[in-house]
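See below for the structure under consideration.
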Amino acid sequence: MANVAKKVSWSGRDRDDDEDGRAGETTPLLNGSGPGAAGSGRQETEVPRQRPNEIPHNEKLLSLKYESLDYDNSENQLFLEEERRINHAAFRTVEIKRWVICAMIGILTGLVACFIDIVVENLAGLKYRVVKDNIDKFTTKGGLSFSLLLWATLNASVVMVGSLIVAFIEPVAAGSGIPQIKCYLNGVKIPHVVRLKTLVIKVCGVILSVVGGLAVGKEGPMIHSGSVIAAGISQGRSTSLKRDFKVGVELPGVQVPLCAVPTGDLASSLSSPGSCLSSSLCPTLKVPSLLFQIFEYFRRDTEKRDFVSAGAAAGVSAAFGAPVGGVLFSLEEGASFWNQFLTWRIFFASMISTFTLNSVLSVYHGNAWDLSSPGLINFGRFDNEKMGYTIQEIPIFIFMGVVGGILGALFNALNYWLTMFRIRYIHRPCLQVVEAMLVAAVTATVGFVMIYCSRDCQPIQGSSVAYPLQLFCADGEYNSMATAFFNTPEKSVVNLFHDPPGSYNPMTLGMFTLMYFFLACWTYGLTVSAGVFIPSLLIGAAWGRLFGISLSYLTKGSIWADPGKYALMGAAAQLGGIVRMTLSLTVIMMEATGNVTYGFPIMLVLMTAKIVGDYFVEGLYDMHIQLQSVPFLHWEAPVTSHSLTAREVMSTPVTCLRRIERVGTVVDILSDTSSNHNGFPVVESNPDTTQVAGLRGLILRSQLIVLLKHKVFVERANLSLVQRRLKLKDFRDAYPRFPPIQSIHVSQDERECMIDLSEFMNPSPYTVPQEASLPRVFKLFRALGLRHLVVVDNRNEVVGMVTRKDLARYRLGKEGLEELSLAQT
């Protein structure tokens with residue numbers, strides 16, 4: 001179907017292994033093939049070594065490289081027996097551990113935010129002081145072109161380092177990370193998205209991006225950083241560092257049996273040559289200590305998902321000092337599954353994150369008892385009497401929402417076509433680094449030229465400008481254009497909110513809005529770690545303040561037409577028009593400004609901006625998810641899909657396994673790259689006939705691999721023997737990077753053994769009849785977070801399987817319901 005030439009990833013770089021570490025397995029990838037995560041099982045031909053100049057890309061495709069996460073617990077015998085053994089005290093212990101993990105998530109997220117803020121403040125301050133001294137020096141004696149060259153070179157050099165580590169070490173760390181976390185919480189496995197290496201590159205990358213003067217913010221990546229921290233802490237180990245954190249006591253000389261002592265005919269079968277089990281009767285292992293793995297219970301996708309939701313909320317809370325806003329962001333933009341207990345734990349993590357950041361930054365700034373730094377950015381308080389609003393301003397706020405929606409839609413549309421261009425032509429890492437350096441140099445050049453050409457001079461008395469540039473202004477004055485460009489974006493936003501009326505010339509604000517709009521649009525999507533929150537706020541604050549100045553001029557200086565108030569509304573309108581958040585953004589803005597009075601107008605502006613923006617294009621995050629062809633499932637099925645049934649959308653034929661299956665058959669099925677499935681229905685079948693009985697259960701590829709690795713099978717002659725030697729711990733130890741089937745050696749004699757799947761399969765998988773409508777199937781699949789949904793006929797025989805890609809390929813287009821193609825040859 002698709003002309004497959006080259007893989008397109010979040011970063012545009014090939015991968016050697018996937019999140020589960022299945023090295024060497026080639027699978028179909030969007031617009032290309034190569035090593036990667038196991039897809040739905042279709043094998044691609046080998047990719048030529050030379051890279052094409054252009055990658056053909058079609059946004060109406062679904063990538064086969066993205067796998068789903070197992071959010072549905074497999075209620076097999078092992079799981080049920082463990083759950084039944086948990087008494088009230090054990091349950092309370094598990095709950096306490098959940099709260100402890102959330103506290104640790106909050107503390108570490110706050111500390112990471114402090115580190116980013118302190119390093120950015122010092123490095124950016126050093127850069128701006130060097131450039132300012134150079135400009136002041138050459139203003140009097142001539143030769144400002146050298147100052148321009150110095151500024152552009154410093155920016156390009158810093159951004160080059162930030163882009164190099166992202167492009168060549170961990171490409172998934174590019175951007176803000178919010179689209180990737182949305183996909184993860186939706187149930188899509190994005191390779192490497194919650195790795196420790198990703199966190200390190202993300203933190204270093206965002207520091208270098210902000211210091212490099214790009215039109216970016218450091219707040220957005222905090223959401224991704226918090227999620228990675230949560231995913232790591234909740235598992236009690238680091239697969240990247242190969243460290244498993246344990247607690248226990250030293251018990252030297254203890255002999256621990258590796259298996260239960262067998263009885264009866266099993267002893268003879270164990271010692272017989274060519275046996276399916278170990279040749280020694282029951283070996284023992286001498287261990288120096290008795291240690292217990294901490295947080296082992298949470299080593300599954302369901303538990304990790306909840307903690308990642310808490311990490312995302314803690315990241316928002318640390319960025320804006322908005323604990324409630326963080327919870328609502330995780331609910332509105334992140335989490336696909338929710339419950340009341342989770343809400344309290346997430347709020348607790350958000351509060352701890354804000355408190356940690358506040359405490360550390362207060363000590364750093366020399367005010368240990370002040371606690372006046374709740375977030376990375378503080379909008380300041382809008383509590384003056386003149387900052388209230390009246391009834392006649394409601395239509396004005398609605399109009400600003402319309403403007404924000406239109407400008408946001410324009411921003412997204414331009415960024416869409418720019419992203420398409422990058423996917424097609426700028427796919428080599430070296431080209432991505434060059435583009436990032438070019439944008440950094442152009443940003444510095446544009447800022448310098450606009451400062452040089454501006455004649456907007458303001459008195460320096462009482463000004464809060466950190467690095468005032470005099471340039472050609474008179475003594476005691478500074479260039480107001482420099483307050484917007486020659487500063488970090490966060491400080492520029494606060495200046496636009498709180499500088500007194502008359503601090504900016506309308507021409508200055510108009511030119512700055514125009515240029516920064518296109519610079520921010522060009523910057524988002526570069527191979528650097530960067531967020532779009534602050535650039536959007538800065539653009540909106542600039543045109544909102546310009547709008548306020550115009551109103552003040554038209555109303556002859558009425559007290560209600562305060563430019564700072566309209567800068568706040570413009571910032572909300574612009575950000576809402578780009579990212580399309582409503583409830584969470586309203587609370588974030590209220591918490592960041594410390595004023596509940598503006599709740600209604602901000603909500604009004606955001607709702608209007610979302611409605612207007614949605615009329616034209618999707619939100620920025622949803623747009624990038626769609627461009628990467630991720631099988632993302634929205635809340636509801638397409639409204640016109642009732643005519644489709646499960647029979648029409650399911651995948652068929654289905655590879656089934658018998659309850660007692662030959663080991664060789666299992667190995668062959670798992671090794672078959674043409675049907676590389678991850679879930680297999682288990683049926684009851686007579687080996688002597690081809691007639692298949694009804695569905696008996698469902699078993700996962702990962703479970704089968706663990707069974708083969710531990711050789712849990714017996715000879716045909718001994719089918720009555722008890723073969724179980726595994727516990728849930730064996731499956732959790734292999735999570736999440738289950739070994740590939742190619743790494744498991746099975747001898748020819750072992751291939752003739754039999755494996756009983758009864759106690760390892762899920763005996764009660766979710767099923768639907770083949771006549772069920774697509775919306776009904778979608779609702780069941782989406783609400784329960786399933787990975788596999790078995791389709792049966794009226795005799796309970798398996799006729800098909802519904803997976804994520806089967807549902808995600810149907811969407812509502814401009815011409816009605818359309819079906820996307822899977823990226824395959």
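Letters A, B, ... go to the chains of the structure tokens in the order shown; residues in each chain start at 1; ligands are counted from 1 in the same order.
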Within 12 Å of range 496-515 of chain A, which residues of range 571-634 of chain A show up? Give each one with its shortest atom-to-atom distance in Å (one decimal) and the two atoms involved, counting only C-alpha atoms, rows by chain then rising residue number, as a tab-separated table.
residue	atom	partner	partner_atom	distance
A:Ala571	CA	A:Phe497	CA	9.4
A:Ala572	CA	A:Phe497	CA	11.9
A:Gln574	CA	A:Thr513	CA	11.4
A:Thr593	CA	A:Phe497	CA	10.1
Keeping all heavy atoms for every residue in the selection just given, could you write it to a file as a PDB file, in the first residue's frame?
ATOM      1  N   ALA A 571      -2.343  36.418  26.564  1.00  0.00           N
ATOM      2  CA  ALA A 571      -1.513  35.234  26.770  1.00  0.00           C
ATOM      3  C   ALA A 571      -2.365  33.978  26.886  1.00  0.00           C
ATOM      4  O   ALA A 571      -2.049  32.937  26.296  1.00  0.00           O
ATOM      5  CB  ALA A 571      -0.663  35.427  28.030  1.00  0.00           C
ATOM      6  N   ALA A 572      -3.455  34.076  27.647  1.00  0.00           N
ATOM      7  CA  ALA A 572      -4.356  32.925  27.782  1.00  0.00           C
ATOM      8  C   ALA A 572      -4.982  32.564  26.439  1.00  0.00           C
ATOM      9  O   ALA A 572      -5.086  31.382  26.084  1.00  0.00           O
ATOM     10  CB  ALA A 572      -5.439  33.237  28.818  1.00  0.00           C
ATOM     11  N   GLN A 574      -3.828  33.130  23.359  1.00  0.00           N
ATOM     12  CA  GLN A 574      -2.855  32.565  22.423  1.00  0.00           C
ATOM     13  C   GLN A 574      -2.496  31.135  22.795  1.00  0.00           C
ATOM     14  O   GLN A 574      -2.458  30.247  21.933  1.00  0.00           O
ATOM     15  CB  GLN A 574      -1.598  33.430  22.410  1.00  0.00           C
ATOM     16  CG  GLN A 574      -0.565  33.012  21.377  1.00  0.00           C
ATOM     17  CD  GLN A 574      -1.061  33.208  19.960  1.00  0.00           C
ATOM     18  OE1 GLN A 574      -1.551  34.275  19.600  1.00  0.00           O
ATOM     19  NE2 GLN A 574      -0.966  32.173  19.148  1.00  0.00           N
ATOM     20  N   THR A 593      -1.086  33.548  38.914  1.00  0.00           N
ATOM     21  CA  THR A 593      -1.259  34.986  39.154  1.00  0.00           C
ATOM     22  C   THR A 593      -1.727  35.284  40.571  1.00  0.00           C
ATOM     23  O   THR A 593      -1.675  36.438  41.005  1.00  0.00           O
ATOM     24  CB  THR A 593      -2.284  35.577  38.165  1.00  0.00           C
ATOM     25  OG1 THR A 593      -3.519  34.862  38.278  1.00  0.00           O
ATOM     26  CG2 THR A 593      -1.787  35.471  36.729  1.00  0.00           C
TER      27      THR A 593
END
Can you list every residue of range 168-223 of chain A that has an atom at most 12 Å from range 538-548 of chain A, with its nearest atom pair and the distance in Å to one decimal, using only C-alpha atoms, ordered by chain then number, as a Markdown table?
| residue | atom | partner | partner_atom | distance |
| --- | --- | --- | --- | --- |
| A:Ala215 | CA | A:Leu538 | CA | 9.5 |
| A:Val216 | CA | A:Leu538 | CA | 10.1 |
| A:Gly217 | CA | A:Leu538 | CA | 10.1 |
Output C-alpha atoms for every residue in that selection, as a compact mmCIF listing (two decimals), in the first residue's frame.
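Just written: selection.txt:
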# COMPACT_ATOMS: atom_id res chain seq x y z
CA ALA A 215 12.02 30.91 21.34
CA VAL A 216 11.33 28.12 23.83
CA GLY A 217 10.45 27.61 27.48
What lies within 10 Å of range 165-175 of chain A using only C-alpha atoms, ignoring chain neighbours under 2 positions off, as an NGL selection string?
:A and (9-15 or 160-163 or 177-180 or 190-195 or 197-206 or 216 or 220-221 or 224-225 or 428-433 or 523-532)
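When only C-alpha atoms are used to measure the gap to Thr153 in chain A, the shortest distance among A:Leu414, A:Met437, A:Leu111, A:Leu241 belongs to A:Met437.
Taking range 757-793 of chain A and asking which residues DSSP calls alpha helix (DSSP H) on the backbone, you get Leu774, Pro775, Arg776, Val777, Phe778, Lys779, Leu780, Phe781, Arg782, Ala783 and Leu784 of chain A.
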Selected residue, from A:Ile229, A:Phe485, A:Asn415, A:Leu438, that lies nearest to Ile451 in chain A when counting only C-alpha atoms
A:Phe485
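When only C-alpha atoms are used to compute distances to Tyr66 in chain A, the closest of the residues A:Val630, A:Val639, A:Ala646, A:Val465 turns out to be A:Val630.
In this comparison, which uses only C-alpha atoms, the residue of A:Gly447, A:Pro323, A:Pro763, A:Pro374 approaching Leu148 in chain A most closely is A:Gly447.
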List as a list of chain:residue names the protein and nucleic acid residues near range 74-86 of chain A, meaning an atom at most 6 Å away when only C-alpha atoms are counted, but skip any in the same chain fewer than 5 places from it.
A:Glu759, A:Phe760, A:Met761, A:Asn762
Just write the chosen residues, all heavy atoms, as an mmCIF file, in the first residue's frame.
data_model
loop_
_atom_site.group_PDB
_atom_site.id
_atom_site.type_symbol
_atom_site.label_atom_id
_atom_site.label_comp_id
_atom_site.auth_asym_id
_atom_site.auth_seq_id
_atom_site.Cartn_x
_atom_site.Cartn_y
_atom_site.Cartn_z
ATOM 1 N N GLU A 759 -2.578 -22.532 33.753
ATOM 2 C CA GLU A 759 -2.470 -21.649 34.910
ATOM 3 C C GLU A 759 -1.815 -20.304 34.577
ATOM 4 O O GLU A 759 -1.792 -19.401 35.406
ATOM 5 C CB GLU A 759 -1.674 -22.327 36.018
ATOM 6 C CG GLU A 759 -0.272 -22.700 35.618
ATOM 7 C CD GLU A 759 0.456 -23.395 36.750
ATOM 8 O OE1 GLU A 759 0.035 -23.183 37.897
ATOM 9 O OE2 GLU A 759 1.417 -24.144 36.477
ATOM 10 N N PHE A 760 -1.276 -20.162 33.363
ATOM 11 C CA PHE A 760 -0.617 -18.917 32.986
ATOM 12 C C PHE A 760 -1.485 -18.034 32.096
ATOM 13 O O PHE A 760 -1.274 -16.828 32.025
ATOM 14 C CB PHE A 760 0.703 -19.213 32.272
ATOM 15 C CG PHE A 760 1.606 -20.117 33.050
ATOM 16 C CD1 PHE A 760 1.797 -21.439 32.668
ATOM 17 C CD2 PHE A 760 2.249 -19.668 34.186
ATOM 18 C CE1 PHE A 760 2.623 -22.278 33.386
ATOM 19 C CE2 PHE A 760 3.081 -20.496 34.924
ATOM 20 C CZ PHE A 760 3.254 -21.800 34.528
ATOM 21 N N MET A 761 -2.455 -18.602 31.427
ATOM 22 C CA MET A 761 -3.327 -17.816 30.550
ATOM 23 C C MET A 761 -4.374 -17.093 31.381
ATOM 24 O O MET A 761 -4.661 -17.445 32.525
ATOM 25 C CB MET A 761 -4.003 -18.740 29.538
ATOM 26 C CG MET A 761 -5.033 -19.662 30.163
ATOM 27 S SD MET A 761 -5.817 -20.758 28.968
ATOM 28 C CE MET A 761 -7.069 -21.553 30.001
ATOM 29 N N ASN A 762 -4.918 -16.039 30.805
ATOM 30 C CA ASN A 762 -6.053 -15.347 31.416
ATOM 31 C C ASN A 762 -7.319 -16.100 31.027
ATOM 32 O O ASN A 762 -7.720 -16.082 29.861
ATOM 33 C CB ASN A 762 -6.108 -13.902 30.913
ATOM 34 C CG ASN A 762 -7.240 -13.100 31.535
ATOM 35 O OD1 ASN A 762 -7.971 -13.598 32.398
ATOM 36 N ND2 ASN A 762 -7.413 -11.871 31.095
#
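Across the model, the gap from CA of Leu214 in chain A to CA of Met400 in chain A is 26.8 Å.
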For a test of reading the model, state the distance in Å between CA of Asp456 in chain A and CA of Tyr478 in chain A, rounded to one decimal.
8.3 Å
Please identify all polymer residues within 9 Å of Leu407 in chain A, counting only C-alpha atoms, omitting same-chain residues fewer than 6 positions from it, and present them as JSON, numbers by chain.
{"A": [574, 577, 578, 613]}
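With only C-alpha atoms as the atoms that count, the residue of A:Ile391, A:Tyr297, A:Ile223, A:Thr356 with the shortest distance to Ser330 in chain A is A:Ile223.
When only C-alpha atoms are used to compute distances to Asp756 in chain A, the closest of the residues A:Leu604, A:Val210, A:Val712, A:Leu537 turns out to be A:Val712.
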